[in-house]
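Participant: Dropping in structure.cif, which is mmCIF, C-alpha atoms (C1' of nucleotides):
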data_structure
loop_
_atom_site.label_atom_id
_atom_site.label_comp_id
_atom_site.auth_asym_id
_atom_site.auth_seq_id
_atom_site.Cartn_x
_atom_site.Cartn_y
_atom_site.Cartn_z
CA MET A 2 203.57 25.04 -1.82
CA THR A 3 202.39 22.41 -4.32
CA PRO A 4 204.53 22.41 -7.46
CA PRO A 5 202.66 22.58 -10.78
CA ALA A 6 201.75 19.28 -12.42
CA THR A 7 204.36 19.67 -15.12
CA ARG A 8 207.16 19.76 -12.56
CA SER A 9 205.98 16.94 -10.31
CA ARG A 10 208.16 14.64 -12.38
CA SER A 11 211.93 14.37 -12.34
CA GLY A 12 214.04 16.87 -14.28
CA THR A 13 214.64 14.38 -17.06
CA ALA A 14 210.94 13.64 -17.44
CA ALA A 15 210.23 17.34 -17.81
CA LEU A 16 212.95 17.62 -20.46
CA ILE A 17 211.47 14.68 -22.30
CA LEU A 18 208.02 16.27 -22.24
CA ALA A 19 209.32 19.58 -23.55
CA THR A 20 211.36 17.98 -26.31
CA ALA A 21 208.62 15.56 -27.33
CA ALA A 22 206.10 18.41 -27.50
CA GLU A 23 208.32 20.32 -29.94
CA ILE A 24 208.82 17.29 -32.13
CA ILE A 25 205.13 16.39 -32.12
CA GLN A 26 204.21 19.91 -33.17
CA LEU A 27 206.53 19.41 -36.13
CA LYS A 28 205.92 15.78 -37.09
CA GLY A 29 202.70 14.77 -35.35
CA TYR A 30 202.09 11.76 -33.15
CA SER A 31 202.44 9.07 -35.80
CA GLY A 32 205.49 10.82 -37.22
CA PHE A 33 207.55 11.23 -34.07
CA SER A 34 209.55 8.47 -32.44
CA TYR A 35 211.40 7.72 -29.23
CA ALA A 36 214.56 7.80 -31.34
CA ASP A 37 213.90 11.46 -32.27
CA VAL A 38 213.52 12.52 -28.66
CA ALA A 39 216.46 10.43 -27.49
CA ALA A 40 218.76 11.90 -30.14
CA GLU A 41 217.73 15.44 -29.27
CA LEU A 42 218.38 14.87 -25.55
CA LYS A 43 221.47 12.75 -26.18
CA ILE A 44 220.19 9.86 -24.12
CA THR A 45 219.04 6.42 -25.28
CA LYS A 46 215.59 5.18 -26.14
CA ALA A 47 215.74 2.79 -23.19
CA ALA A 48 216.07 5.75 -20.82
CA LEU A 49 212.86 7.20 -22.25
CA HIS A 50 211.04 3.94 -21.58
CA TYR A 51 212.08 4.21 -17.95
CA HIS A 52 210.23 7.54 -17.58
CA PHE A 53 207.31 6.79 -19.89
CA PRO A 54 206.51 3.10 -20.42
CA GLY A 55 205.29 3.58 -23.97
CA LYS A 56 204.45 6.08 -26.65
CA ALA A 57 200.79 6.17 -25.68
CA GLU A 58 201.59 7.12 -22.06
CA LEU A 59 204.00 9.79 -23.23
CA GLY A 60 201.28 11.11 -25.51
CA GLU A 61 198.82 11.32 -22.63
CA ALA A 62 201.33 13.14 -20.44
CA LEU A 63 202.03 15.59 -23.25
CA ILE A 64 198.39 16.57 -23.61
CA ALA A 65 197.99 16.83 -19.85
CA ALA A 66 201.00 19.15 -19.61
CA TRP A 67 199.82 21.25 -22.52
CA ALA A 68 196.31 21.53 -21.10
CA ALA A 69 197.72 22.54 -17.72
CA ARG A 70 199.81 25.33 -19.23
CA PHE A 71 196.86 26.52 -21.27
CA ALA A 72 194.54 26.46 -18.27
CA ASP A 73 197.09 28.50 -16.31
CA ALA A 74 197.18 31.09 -19.08
CA LEU A 75 193.39 31.35 -19.14
CA ALA A 76 193.32 31.64 -15.34
CA ALA A 77 195.81 34.49 -15.62
CA LEU A 78 193.48 36.25 -18.03
CA ASP A 79 190.65 35.73 -15.53
CA ALA A 80 192.79 37.18 -12.77
CA ALA A 81 193.68 40.22 -14.89
CA GLY A 82 189.96 40.94 -14.95
CA GLY A 83 189.95 43.08 -18.10
CA PRO A 84 186.97 43.70 -20.40
CA ALA A 85 185.70 40.94 -22.66
CA LEU A 86 187.50 42.25 -25.72
CA ALA A 87 190.80 42.17 -23.85
CA ARG A 88 190.11 38.59 -22.80
CA LEU A 89 189.39 37.67 -26.40
CA HIS A 90 192.62 39.28 -27.55
CA GLY A 91 194.46 37.50 -24.76
CA TYR A 92 193.07 34.19 -25.98
CA ILE A 93 194.06 34.96 -29.53
CA ASP A 94 197.55 36.01 -28.44
CA LEU A 95 198.13 32.62 -26.87
CA HIS A 96 197.81 31.19 -30.36
CA ALA A 97 199.74 33.94 -32.09
CA ARG A 98 202.68 33.32 -29.77
CA ILE A 99 202.80 29.65 -30.74
CA LEU A 100 202.68 30.54 -34.41
CA GLY A 101 205.45 33.07 -33.81
CA LYS A 102 207.67 30.10 -32.97
CA ARG A 103 206.71 28.64 -36.35
CA ARG A 104 204.68 25.87 -34.77
CA MET A 105 201.03 25.11 -34.38
CA CYS A 106 198.91 24.32 -31.32
CA MET A 107 199.98 20.84 -30.24
CA CYS A 108 196.40 19.81 -29.53
CA GLY A 109 195.23 21.09 -32.90
CA ARG A 110 198.00 19.09 -34.53
CA LEU A 111 196.93 16.01 -32.58
CA ALA A 112 193.25 16.61 -33.36
CA ALA A 113 194.10 16.06 -37.03
CA GLU A 114 195.25 12.57 -36.07
CA TYR A 115 192.32 11.90 -33.77
CA GLN A 116 191.09 8.81 -35.59
CA THR A 117 194.35 6.95 -35.04
CA LEU A 118 195.10 7.99 -31.45
CA PRO A 119 194.74 5.67 -28.43
CA ALA A 120 191.56 6.22 -26.44
CA PRO A 121 193.12 8.01 -23.44
CA MET A 122 194.70 10.59 -25.74
CA ARG A 123 191.38 11.09 -27.50
CA ALA A 124 189.61 11.73 -24.22
CA ALA A 125 192.27 14.20 -23.12
CA LEU A 126 191.92 16.12 -26.39
CA VAL A 127 188.15 16.40 -26.10
CA LYS A 128 188.57 17.71 -22.56
CA PHE A 129 191.11 20.28 -23.72
CA PHE A 130 188.86 21.76 -26.37
CA ASP A 131 185.81 21.66 -24.12
CA HIS A 132 187.64 23.71 -21.54
CA SER A 133 188.55 26.35 -24.12
CA GLN A 134 185.00 26.44 -25.36
CA VAL A 135 183.52 26.97 -21.92
CA TRP A 136 186.03 29.70 -21.09
CA LEU A 137 185.34 31.54 -24.34
CA GLU A 138 181.60 31.16 -23.91
CA GLY A 139 181.82 32.94 -20.56
CA SER A 140 183.91 35.75 -22.03
CA LEU A 141 181.48 36.18 -24.90
CA GLU A 142 178.48 36.35 -22.60
CA ARG A 143 180.23 38.99 -20.59
CA GLY A 144 181.08 40.99 -23.70
CA GLN A 145 177.50 40.78 -24.84
CA SER A 146 176.09 42.15 -21.58
CA GLU A 147 178.83 44.83 -21.51
CA GLY A 148 177.89 45.74 -25.06
CA THR A 149 181.52 45.51 -26.21
CA LEU A 150 180.94 42.44 -28.38
CA ARG A 151 178.15 41.98 -30.89
CA PHE A 152 177.34 38.62 -32.51
CA ALA A 153 174.12 37.11 -33.78
CA SER A 154 174.50 33.44 -32.87
CA ALA A 155 174.59 31.78 -29.45
CA PRO A 156 177.71 32.39 -27.32
CA ARG A 157 178.46 28.67 -27.39
CA ASP A 158 178.34 28.54 -31.18
CA THR A 159 180.39 31.71 -31.45
CA ALA A 160 182.98 30.16 -29.13
CA LEU A 161 183.16 27.17 -31.47
CA LEU A 162 183.65 29.54 -34.39
CA ILE A 163 186.55 31.27 -32.64
CA ILE A 164 188.32 28.02 -31.77
CA SER A 165 187.75 26.63 -35.27
CA ALA A 166 188.99 29.79 -36.95
CA LEU A 167 192.15 29.94 -34.82
CA GLU A 168 193.01 26.28 -35.24
CA GLY A 169 192.22 26.48 -38.93
CA ALA A 170 194.32 29.60 -39.34
CA MET A 171 197.28 27.84 -37.73
CA LEU A 172 196.72 24.88 -40.02
CA LEU A 173 196.81 27.13 -43.09
CA ALA A 174 199.78 29.10 -41.81
CA GLY A 175 201.86 25.96 -42.33
CA PRO A 176 201.32 25.86 -46.09
CA ASN A 177 202.04 29.57 -46.30
CA GLY A 178 204.63 29.88 -43.57
CA ASP A 179 203.22 33.34 -43.41
CA ILE A 180 202.25 34.94 -40.10
CA GLU A 181 200.72 37.85 -41.97
CA ARG A 182 198.00 35.51 -43.22
CA PHE A 183 197.23 34.38 -39.71
CA ASN A 184 196.96 37.99 -38.55
CA ALA A 185 194.69 38.90 -41.43
CA THR A 186 192.40 36.00 -40.56
CA VAL A 187 192.32 37.02 -36.91
CA THR A 188 191.56 40.64 -37.76
CA SER A 189 188.70 39.49 -39.92
CA LEU A 190 187.41 37.31 -37.09
CA VAL A 191 187.55 40.05 -34.48
CA SER A 192 185.85 42.55 -36.73
CA ALA A 193 183.07 40.01 -37.32
CA LEU A 194 182.52 39.89 -33.55
CA HIS A 195 182.45 43.64 -33.17
CA GLY A 196 179.44 44.11 -35.29
CA PRO A 197 179.35 47.12 -37.64
CA MET B 17 186.86 14.70 -76.22
CA THR B 18 189.66 14.93 -73.68
CA PRO B 19 188.96 12.79 -70.64
CA PRO B 20 189.30 14.52 -67.27
CA ALA B 21 192.71 14.39 -65.57
CA THR B 22 191.53 11.91 -62.95
CA ARG B 23 190.59 9.37 -65.59
CA SER B 24 193.58 9.75 -67.89
CA ARG B 25 195.14 6.88 -65.91
CA SER B 26 194.27 3.22 -66.10
CA GLY B 27 191.34 1.85 -64.12
CA THR B 28 193.64 0.40 -61.50
CA ALA B 29 195.42 3.71 -61.00
CA ALA B 30 192.08 5.42 -60.43
CA LEU B 31 191.14 2.77 -57.89
CA ILE B 32 194.45 3.26 -56.13
CA LEU B 33 193.90 7.00 -55.98
CA ALA B 34 190.40 6.63 -54.56
CA THR B 35 191.46 4.09 -51.96
CA ALA B 36 194.59 5.97 -50.95
CA ALA B 37 192.59 9.18 -50.56
CA GLU B 38 190.23 7.49 -48.12
CA ILE B 39 193.06 6.02 -46.09
CA ILE B 40 194.98 9.32 -46.01
CA GLN B 41 191.91 11.14 -44.76
CA LEU B 42 191.85 8.64 -41.90
CA LYS B 43 195.54 8.14 -41.11
CA GLY B 44 197.35 11.02 -42.77
CA TYR B 45 200.32 10.87 -45.11
CA SER B 46 202.90 9.63 -42.62
CA GLY B 47 200.42 7.14 -41.20
CA PHE B 48 199.29 5.45 -44.40
CA SER B 49 201.28 2.82 -46.24
CA TYR B 50 201.36 0.97 -49.54
CA ALA B 51 200.45 -2.12 -47.53
CA ASP B 52 197.18 -0.49 -46.42
CA VAL B 53 196.15 0.34 -49.96
CA ALA B 54 197.27 -3.01 -51.34
CA ALA B 55 195.30 -4.92 -48.70
CA GLU B 56 192.17 -2.88 -49.37
CA LEU B 57 192.40 -3.49 -53.13
CA LYS B 58 193.58 -7.08 -52.72
CA ILE B 59 196.64 -6.59 -54.88
CA THR B 60 200.29 -6.52 -53.84
CA LYS B 61 202.48 -3.59 -52.90
CA ALA B 62 204.64 -4.26 -55.94
CA ALA B 63 201.65 -3.62 -58.20
CA LEU B 64 201.21 -0.21 -56.60
CA HIS B 65 204.81 0.65 -57.37
CA TYR B 66 204.12 -0.10 -61.01
CA HIS B 67 201.46 2.64 -61.14
CA PHE B 68 203.10 5.11 -58.77
CA PRO B 69 206.87 4.80 -58.37
CA GLY B 70 206.90 5.92 -54.74
CA LYS B 71 204.84 7.31 -51.92
CA ALA B 72 205.76 10.90 -52.77
CA GLU B 73 204.51 10.57 -56.36
CA LEU B 74 201.29 8.97 -55.17
CA GLY B 75 200.88 11.86 -52.72
CA GLU B 76 201.28 14.39 -55.51
CA ALA B 77 198.76 12.62 -57.68
CA LEU B 78 196.30 12.50 -54.79
CA ILE B 79 196.41 16.24 -54.24
CA ALA B 80 196.14 16.88 -57.97
CA ALA B 81 193.05 14.66 -58.22
CA TRP B 82 191.47 16.23 -55.15
CA ALA B 83 192.14 19.75 -56.43
CA ALA B 84 190.66 18.85 -59.82
CA ARG B 85 187.45 17.55 -58.25
CA PHE B 86 187.22 20.59 -56.04
CA ALA B 87 187.80 22.95 -58.94
CA ASP B 88 185.06 21.19 -60.91
CA ALA B 89 182.66 21.68 -58.01
CA LEU B 90 183.47 25.38 -57.81
CA ALA B 91 183.08 25.72 -61.57
CA ALA B 92 179.64 24.10 -61.26
CA LEU B 93 178.70 26.71 -58.68
CA ASP B 94 179.90 29.39 -61.08
CA ALA B 95 177.80 27.89 -63.86
CA ALA B 96 174.71 27.77 -61.63
CA GLY B 97 175.06 31.54 -61.40
CA GLY B 98 173.15 32.00 -58.15
CA PRO B 99 173.46 34.91 -55.73
CA ALA B 100 176.56 35.28 -53.52
CA LEU B 101 174.90 33.76 -50.47
CA ALA B 102 174.00 30.63 -52.46
CA ARG B 103 177.59 30.37 -53.66
CA LEU B 104 178.80 30.63 -50.09
CA HIS B 105 176.39 27.91 -48.98
CA GLY B 106 177.49 25.79 -51.92
CA TYR B 107 181.09 26.15 -50.83
CA ILE B 108 180.19 25.23 -47.26
CA ASP B 109 178.17 22.23 -48.43
CA LEU B 110 181.21 20.80 -50.20
CA HIS B 111 182.79 20.55 -46.76
CA ALA B 112 179.67 19.38 -44.98
CA ARG B 113 179.36 16.52 -47.42
CA ILE B 114 182.88 15.32 -46.64
CA LEU B 115 182.19 15.49 -42.93
CA GLY B 116 178.97 13.59 -43.50
CA LYS B 117 181.16 10.66 -44.58
CA ARG B 118 182.95 11.02 -41.23
CA ARG B 119 186.13 12.26 -42.87
CA MET B 120 187.87 15.57 -43.18
CA CYS B 121 189.12 17.54 -46.18
CA MET B 122 192.12 15.59 -47.46
CA CYS B 123 194.08 18.77 -48.10
CA GLY B 124 193.32 20.08 -44.62
CA ARG B 125 194.50 16.79 -43.20
CA LEU B 126 197.69 17.04 -45.27
CA ALA B 127 198.19 20.68 -44.32
CA ALA B 128 198.60 19.53 -40.71
CA GLU B 129 201.59 17.50 -41.89
CA TYR B 130 202.97 20.23 -44.12
CA GLN B 131 206.34 20.47 -42.40
CA THR B 132 207.19 16.85 -43.16
CA LEU B 133 205.85 16.61 -46.73
CA PRO B 134 208.04 16.43 -49.83
CA ALA B 135 208.36 19.74 -51.68
CA PRO B 136 206.09 18.90 -54.64
CA MET B 137 203.26 17.99 -52.28
CA ARG B 138 203.78 21.23 -50.38
CA ALA B 139 203.55 23.27 -53.54
CA ALA B 140 200.38 21.48 -54.63
CA LEU B 141 198.77 22.17 -51.26
CA VAL B 142 199.55 25.88 -51.39
CA LYS B 143 198.05 26.03 -54.87
CA PHE B 144 194.90 24.26 -53.69
CA PHE B 145 194.20 26.69 -50.89
CA ASP B 146 195.08 29.70 -53.03
CA HIS B 147 192.50 28.64 -55.57
CA SER B 148 189.81 28.38 -52.90
CA GLN B 149 190.77 31.75 -51.52
CA VAL B 150 190.55 33.49 -54.89
CA TRP B 151 187.20 31.89 -55.67
CA LEU B 152 185.74 32.90 -52.31
CA GLU B 153 187.14 36.40 -52.63
CA GLY B 154 185.24 36.84 -55.89
CA SER B 155 182.02 35.54 -54.36
CA LEU B 156 182.39 37.86 -51.38
CA GLU B 157 182.97 40.90 -53.56
CA ARG B 158 179.87 40.06 -55.50
CA GLY B 159 177.84 39.64 -52.31
CA GLN B 160 179.09 42.96 -51.07
CA SER B 161 178.04 44.83 -54.19
CA GLU B 162 174.72 42.97 -54.25
CA GLY B 163 174.23 43.96 -50.62
CA THR B 164 173.47 40.37 -49.62
CA LEU B 165 176.65 39.95 -47.58
CA ARG B 166 177.98 42.38 -44.99
CA PHE B 167 181.46 42.13 -43.52
CA ALA B 168 183.86 44.75 -42.20
CA SER B 169 187.25 43.41 -43.31
CA ALA B 170 188.70 43.03 -46.79
CA PRO B 171 187.17 40.31 -49.02
CA ARG B 172 190.53 38.56 -49.15
CA ASP B 173 190.82 38.45 -45.36
CA THR B 174 187.22 37.34 -45.03
CA ALA B 175 187.89 34.55 -47.51
CA LEU B 176 190.80 33.43 -45.33
CA LEU B 177 188.50 33.47 -42.32
CA ILE B 178 185.96 31.25 -44.07
CA ILE B 179 188.56 28.71 -45.16
CA SER B 180 190.18 28.68 -41.73
CA ALA B 181 186.86 28.30 -39.94
CA LEU B 182 185.75 25.42 -42.16
CA GLU B 183 189.03 23.55 -41.95
CA GLY B 184 189.21 24.18 -38.23
CA ALA B 185 185.63 23.03 -37.74
CA MET B 186 186.42 19.77 -39.55
CA LEU B 187 189.51 19.38 -37.38
CA LEU B 188 187.42 19.77 -34.22
CA ALA B 189 184.65 17.55 -35.51
CA GLY B 190 187.09 14.63 -35.23
CA PRO B 191 187.47 14.95 -31.46
CA ASN B 192 183.72 15.25 -31.11
CA GLY B 193 182.61 13.02 -33.92
CA ASP B 194 179.67 15.33 -33.87
CA ILE B 195 178.29 16.88 -37.03
CA GLU B 196 176.01 19.07 -34.98
CA ARG B 197 179.06 20.95 -33.73
CA PHE B 198 180.22 21.54 -37.28
CA ASN B 199 176.81 22.86 -38.25
CA ALA B 200 176.68 25.15 -35.24
CA THR B 201 180.08 26.58 -36.16
CA VAL B 202 179.00 27.12 -39.74
CA THR B 203 175.75 28.81 -38.69
CA SER B 204 177.74 31.13 -36.50
CA LEU B 205 180.09 31.90 -39.38
CA VAL B 206 177.34 32.66 -41.86
CA SER B 207 175.49 34.88 -39.42
CA ALA B 208 178.73 36.82 -38.86
CA LEU B 209 178.85 37.48 -42.61
CA HIS B 210 175.26 38.60 -42.82
CA GLY B 211 175.73 41.56 -40.58
CA PRO B 212 172.99 42.34 -38.07
"C1'" DG C 10 200.10 -5.60 -64.96
"C1'" DT C 11 200.60 -8.40 -61.32
"C1'" DC C 12 203.10 -11.60 -58.82
"C1'" DT C 13 206.95 -13.72 -55.23
"C1'" DA C 14 210.82 -12.81 -52.79
"C1'" DT C 15 213.80 -10.04 -50.56
"C1'" DA C 16 216.72 -6.18 -49.27
"C1'" DG C 17 217.78 -2.56 -45.81
"C1'" DG C 18 216.06 0.46 -42.53
"C1'" DC C 19 213.56 2.20 -38.64
"C1'" DA C 20 209.76 1.55 -35.45
"C1'" DG C 21 208.30 0.38 -30.45
"C1'" DA C 22 209.68 -2.29 -26.85
"C1'" DT C 23 212.31 -5.41 -23.38
"C1'" DA C 24 216.23 -7.75 -20.64
"C1'" DG C 25 219.71 -7.21 -17.90
"C1'" DA C 26 224.38 -4.98 -16.71
"C1'" DC C 27 226.17 -1.00 -14.38
"C1'" DG D 12 218.61 6.32 -14.16
"C1'" DT D 13 221.06 5.23 -17.93
"C1'" DC D 14 223.35 2.09 -20.65
"C1'" DT D 15 224.21 -1.97 -24.48
"C1'" DA D 16 222.22 -5.39 -26.95
"C1'" DT D 17 218.59 -7.44 -29.11
"C1'" DC D 18 213.84 -8.87 -30.68
"C1'" DT D 19 209.99 -8.51 -33.69
"C1'" DG D 20 207.50 -6.23 -36.88
"C1'" DC D 21 206.37 -2.95 -40.41
"C1'" DC D 22 208.06 0.34 -43.62
"C1'" DT D 23 209.59 1.83 -48.65
"C1'" DA D 24 211.49 0.02 -52.46
"C1'" DT D 25 213.58 -3.21 -56.02
"C1'" DA D 26 214.63 -7.46 -58.98
"C1'" DG D 27 212.97 -10.54 -61.79
"C1'" DA D 28 209.48 -14.41 -63.03
"C1'" DC D 29 204.98 -14.97 -65.20
#
Please express the file's structure as structure tokens.
Facilitator:
Amino acid sequence: MTPPATRSRSGTAALILATAAEIIQLKGYSGFSYADVAAELKITKAALHYHFPGKAELGEALIAAWAARFADALAALDAAGGPALARLHGYIDLHARILGKRRMCMCGRLAAEYQTLPAPMRAALVKFFDHSQVWLEGSLERGQSEGTLRFASAPRDTALLIISALEGAMLLAGPNGDIERFNATVTSLVSALHGP
Amino acid sequence: MTPPATRSRSGTAALILATAAEIIQLKGYSGFSYADVAAELKITKAALHYHFPGKAELGEALIAAWAARFADALAALDAAGGPALARLHGYIDLHARILGKRRMCMCGRLAAEYQTLPAPMRAALVKFFDHSQVWLEGSLERGQSEGTLRFASAPRDTALLIISALEGAMLLAGPNGDIERFNATVTSLVSALHGP
DNA sequence: GTCTATAGGCAGATAGAC
DNA sequence: GTCTATCTGCCTATAGAC
């Protein structure tokens, strides 16, 4: 049995990834430091450099781990094989769960810093969002042929709208702290995809 | 005649605000420094501290100036007195124009960093987004009674959806660099508010 | 208003002992 | 694998001359 990518590293490396992800969701890439992670794990900065040579490499590994977890979640929704509307709600719930922990999507948070990120991190981010878009596009096409979803624009453009709305809603939930606002936005989005 | 808030400061202060806004849109609040602004304006950091005592105060002034410009633009749309759909397109165009300069909404960019911002900046951000929401809500109600806009959820929730989608679309335009993606997202959004 | 000079702190990173 | 110790550089901010 091949272990998942996230666990192919040593135990400490996995702890570092988990801790760094939390801190990045809070402070962003430019705002977090090896010192933050080291203090949280009660090890030294030098130990971090043993596992990840530099901040850029840690950043890459973080996106890769996040993307892998997200891909697993989408694959689980595929395996469940429900109707398109259920898949859509499953996708939305992935985001709602993150917000429930009072954080935002790590990749959305990093996307805000895109212009200042090292090239490998940029590429990984683009790949992450592309994957979501393709998955959603498939679900939307299915919903359209089932007749359970109604939308006027192309499935691809509608997928972009869904991703944008969810990431944007998480962005605005910060300033309000208010999950109710996120839910209201999502309800509005879903009803727009139902058609009247 | 009372000069507008943005120009009540000296010429240098206005230059600092304009330059700092550009840099913050690129690097964010935690990523930008007095050194960046000073270098761009070819003055010293100490001169900046004369006009704005610290980074937090500069940050506050930046949001205030941005909000004032945005409010002026919305007031101009009010004065134009067009139909609801035109108001909506006007609101969207404000964002498209920013993206056309390869930047994103400064307040959206700052919202991503909300958790690490000083309290006065947080409060100013909340106020900014609330103002947009109220303005949109009014436009949506008008469109609904005119019959030019059709949407199933409450005007307030639909306003939240619009703001979220636009901010999210700008967020995702970074990773793609691609204005076409933004436009596709917006088209999808508008068609969802037309009803079929 | 703008400058030089500098303080004090934290960043990312490395060398080498254990 | 983890540590101590240290380097270099940039950060925010201040004092005081011009």
Participant: Find the residues in chain A near chain B: any atom within 7 Å counts, using only C-alpha atoms. Write them as a PyMOL selection string.
Facilitator: chain A and resi 27-28+31-32+110+112-117+123+126-127+152-154+158-159+161-162+165-166+168-170+172-173+175-177+185-186+189-190+192-193+196-197
Participant: Expanded to explicit residues, what is the PyMOL selection byres ((chain A) within 8 of (chain D)) for this file, as an MDAnalysis selection string?
Facilitator: chainID A and resid 44:45 47:48 51
Participant: Got a sec to resolve the PyMOL selection byres ((chain C) within 12 of (chain B)) on this structure and send the residues as a ChimeraX atom specification?
Facilitator: /C:10-14
Participant: Rounded to one decimal, what separation in Å do you get between CA of Leu18 (chain A) and CA of Ala76 (chain A)?
Facilitator: 22.4 Å
Participant: Could you please determine the separation between CA of Leu78 (chain A) and CA of Ala97 (chain A) in Å, to one decimal place?
Facilitator: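 Between CA of Leu78 (chain A) and CA of Ala97 (chain A) the gap is 15.6 Å.
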Participant: Do you have the CA of Arg103 (chain A)-CA of Ile180 (chain A) distance handy?
Facilitator: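 Between these atoms lies a distance of 8.6 Å.
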Participant: Do you know which residues lie at most 12 Å from (207.3, -0.9, -24.0), with coordinates as in the file and all atoms listed in the file counted, and could you write them as a list in words?
Facilitator: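 Within the cut-off we find Tyr35, Lys46, Ala47, Ala48, Leu49, His50, Tyr51, His52, Phe53, Pro54, Gly55, Lys56, Ala57, Glu58 and Leu59 of chain A; DA20, DG21, DA22, DT23 and DA24 of chain C.
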Participant: List the residues selected by the PyMOL selection byres ((chain A and resi 15) around 12) in the file shown, writing them as a list of chain:residue names.
Facilitator: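 Written out, the selection comes to A:Pro5, A:Ala6, A:Thr7, A:Arg8, A:Ser9, A:Arg10, A:Ser11, A:Gly12, A:Thr13, A:Ala14, A:Leu16, A:Ile17, A:Leu18, A:Ala19, A:Thr20, A:Ala21, A:Ala22, A:Leu42, A:Leu49, A:His52, A:Phe53, A:Leu59, A:Ala62, A:Leu63, A:Ala66.
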Participant: Write out the residues from the selection above, keeping C-alpha atoms, as a short mmCIF file (atom, residue, chain, number, x, y, z; two decimals), keeping the file's coordinate frame.
Facilitator:
data_model
loop_
_atom_site.label_atom_id
_atom_site.label_comp_id
_atom_site.auth_asym_id
_atom_site.auth_seq_id
_atom_site.Cartn_x
_atom_site.Cartn_y
_atom_site.Cartn_z
CA PRO A 5 202.66 22.58 -10.78
CA ALA A 6 201.75 19.28 -12.42
CA THR A 7 204.36 19.67 -15.12
CA ARG A 8 207.16 19.76 -12.56
CA SER A 9 205.98 16.94 -10.31
CA ARG A 10 208.16 14.64 -12.38
CA SER A 11 211.93 14.37 -12.34
CA GLY A 12 214.04 16.87 -14.28
CA THR A 13 214.64 14.38 -17.06
CA ALA A 14 210.94 13.64 -17.44
CA LEU A 16 212.95 17.62 -20.46
CA ILE A 17 211.47 14.68 -22.30
CA LEU A 18 208.02 16.27 -22.24
CA ALA A 19 209.32 19.58 -23.55
CA THR A 20 211.36 17.98 -26.31
CA ALA A 21 208.62 15.56 -27.33
CA ALA A 22 206.10 18.41 -27.50
CA LEU A 42 218.38 14.87 -25.55
CA LEU A 49 212.86 7.20 -22.25
CA HIS A 52 210.23 7.54 -17.58
CA PHE A 53 207.31 6.79 -19.89
CA LEU A 59 204.00 9.79 -23.23
CA ALA A 62 201.33 13.14 -20.44
CA LEU A 63 202.03 15.59 -23.25
CA ALA A 66 201.00 19.15 -19.61
#
Participant: Using the atoms already present, construct N, CA, C and O atoms for region 132-141 of chain A and hand them back as a PDB file, in the coordinates of the input.
Facilitator:
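Result saved to part_6.pdb:
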ATOM      1  N   HIS A 132     187.267  22.678 -22.507  1.00  0.00           N
ATOM      2  CA  HIS A 132     187.640  23.710 -21.540  1.00  0.00           C
ATOM      3  C   HIS A 132     187.771  25.077 -22.211  1.00  0.00           C
ATOM      4  O   HIS A 132     187.277  26.090 -21.718  1.00  0.00           O
ATOM      5  N   SER A 133     188.424  25.107 -23.358  1.00  0.00           N
ATOM      6  CA  SER A 133     188.550  26.350 -24.120  1.00  0.00           C
ATOM      7  C   SER A 133     187.186  26.907 -24.480  1.00  0.00           C
ATOM      8  O   SER A 133     186.934  28.118 -24.371  1.00  0.00           O
ATOM      9  N   GLN A 134     186.316  25.992 -24.912  1.00  0.00           N
ATOM     10  CA  GLN A 134     185.000  26.440 -25.360  1.00  0.00           C
ATOM     11  C   GLN A 134     184.214  27.080 -24.210  1.00  0.00           C
ATOM     12  O   GLN A 134     183.621  28.156 -24.382  1.00  0.00           O
ATOM     13  N   VAL A 135     184.250  26.448 -23.073  1.00  0.00           N
ATOM     14  CA  VAL A 135     183.520  26.970 -21.920  1.00  0.00           C
ATOM     15  C   VAL A 135     184.082  28.329 -21.488  1.00  0.00           C
ATOM     16  O   VAL A 135     183.336  29.268 -21.196  1.00  0.00           O
ATOM     17  N   TRP A 136     185.394  28.441 -21.488  1.00  0.00           N
ATOM     18  CA  TRP A 136     186.030  29.700 -21.090  1.00  0.00           C
ATOM     19  C   TRP A 136     185.628  30.827 -22.046  1.00  0.00           C
ATOM     20  O   TRP A 136     185.268  31.931 -21.635  1.00  0.00           O
ATOM     21  N   LEU A 137     185.692  30.528 -23.337  1.00  0.00           N
ATOM     22  CA  LEU A 137     185.340  31.540 -24.340  1.00  0.00           C
ATOM     23  C   LEU A 137     183.867  31.930 -24.230  1.00  0.00           C
ATOM     24  O   LEU A 137     183.513  33.110 -24.346  1.00  0.00           O
ATOM     25  N   GLU A 138     183.041  30.918 -24.017  1.00  0.00           N
ATOM     26  CA  GLU A 138     181.600  31.160 -23.910  1.00  0.00           C
ATOM     27  C   GLU A 138     181.323  32.182 -22.805  1.00  0.00           C
ATOM     28  O   GLU A 138     180.537  33.122 -22.992  1.00  0.00           O
ATOM     29  N   GLY A 139     182.000  31.995 -21.660  1.00  0.00           N
ATOM     30  CA  GLY A 139     181.820  32.940 -20.560  1.00  0.00           C
ATOM     31  C   GLY A 139     182.266  34.345 -20.934  1.00  0.00           C
ATOM     32  O   GLY A 139     181.580  35.338 -20.631  1.00  0.00           O
ATOM     33  N   SER A 140     183.404  34.434 -21.623  1.00  0.00           N
ATOM     34  CA  SER A 140     183.910  35.750 -22.030  1.00  0.00           C
ATOM     35  C   SER A 140     182.953  36.424 -23.005  1.00  0.00           C
ATOM     36  O   SER A 140     182.737  37.635 -22.954  1.00  0.00           O
ATOM     37  N   LEU A 141     182.387  35.623 -23.904  1.00  0.00           N
ATOM     38  CA  LEU A 141     181.480  36.180 -24.900  1.00  0.00           C
ATOM     39  C   LEU A 141     180.200  36.691 -24.257  1.00  0.00           C
ATOM     40  O   LEU A 141     179.697  37.767 -24.605  1.00  0.00           O
TER      41      LEU A 141
END
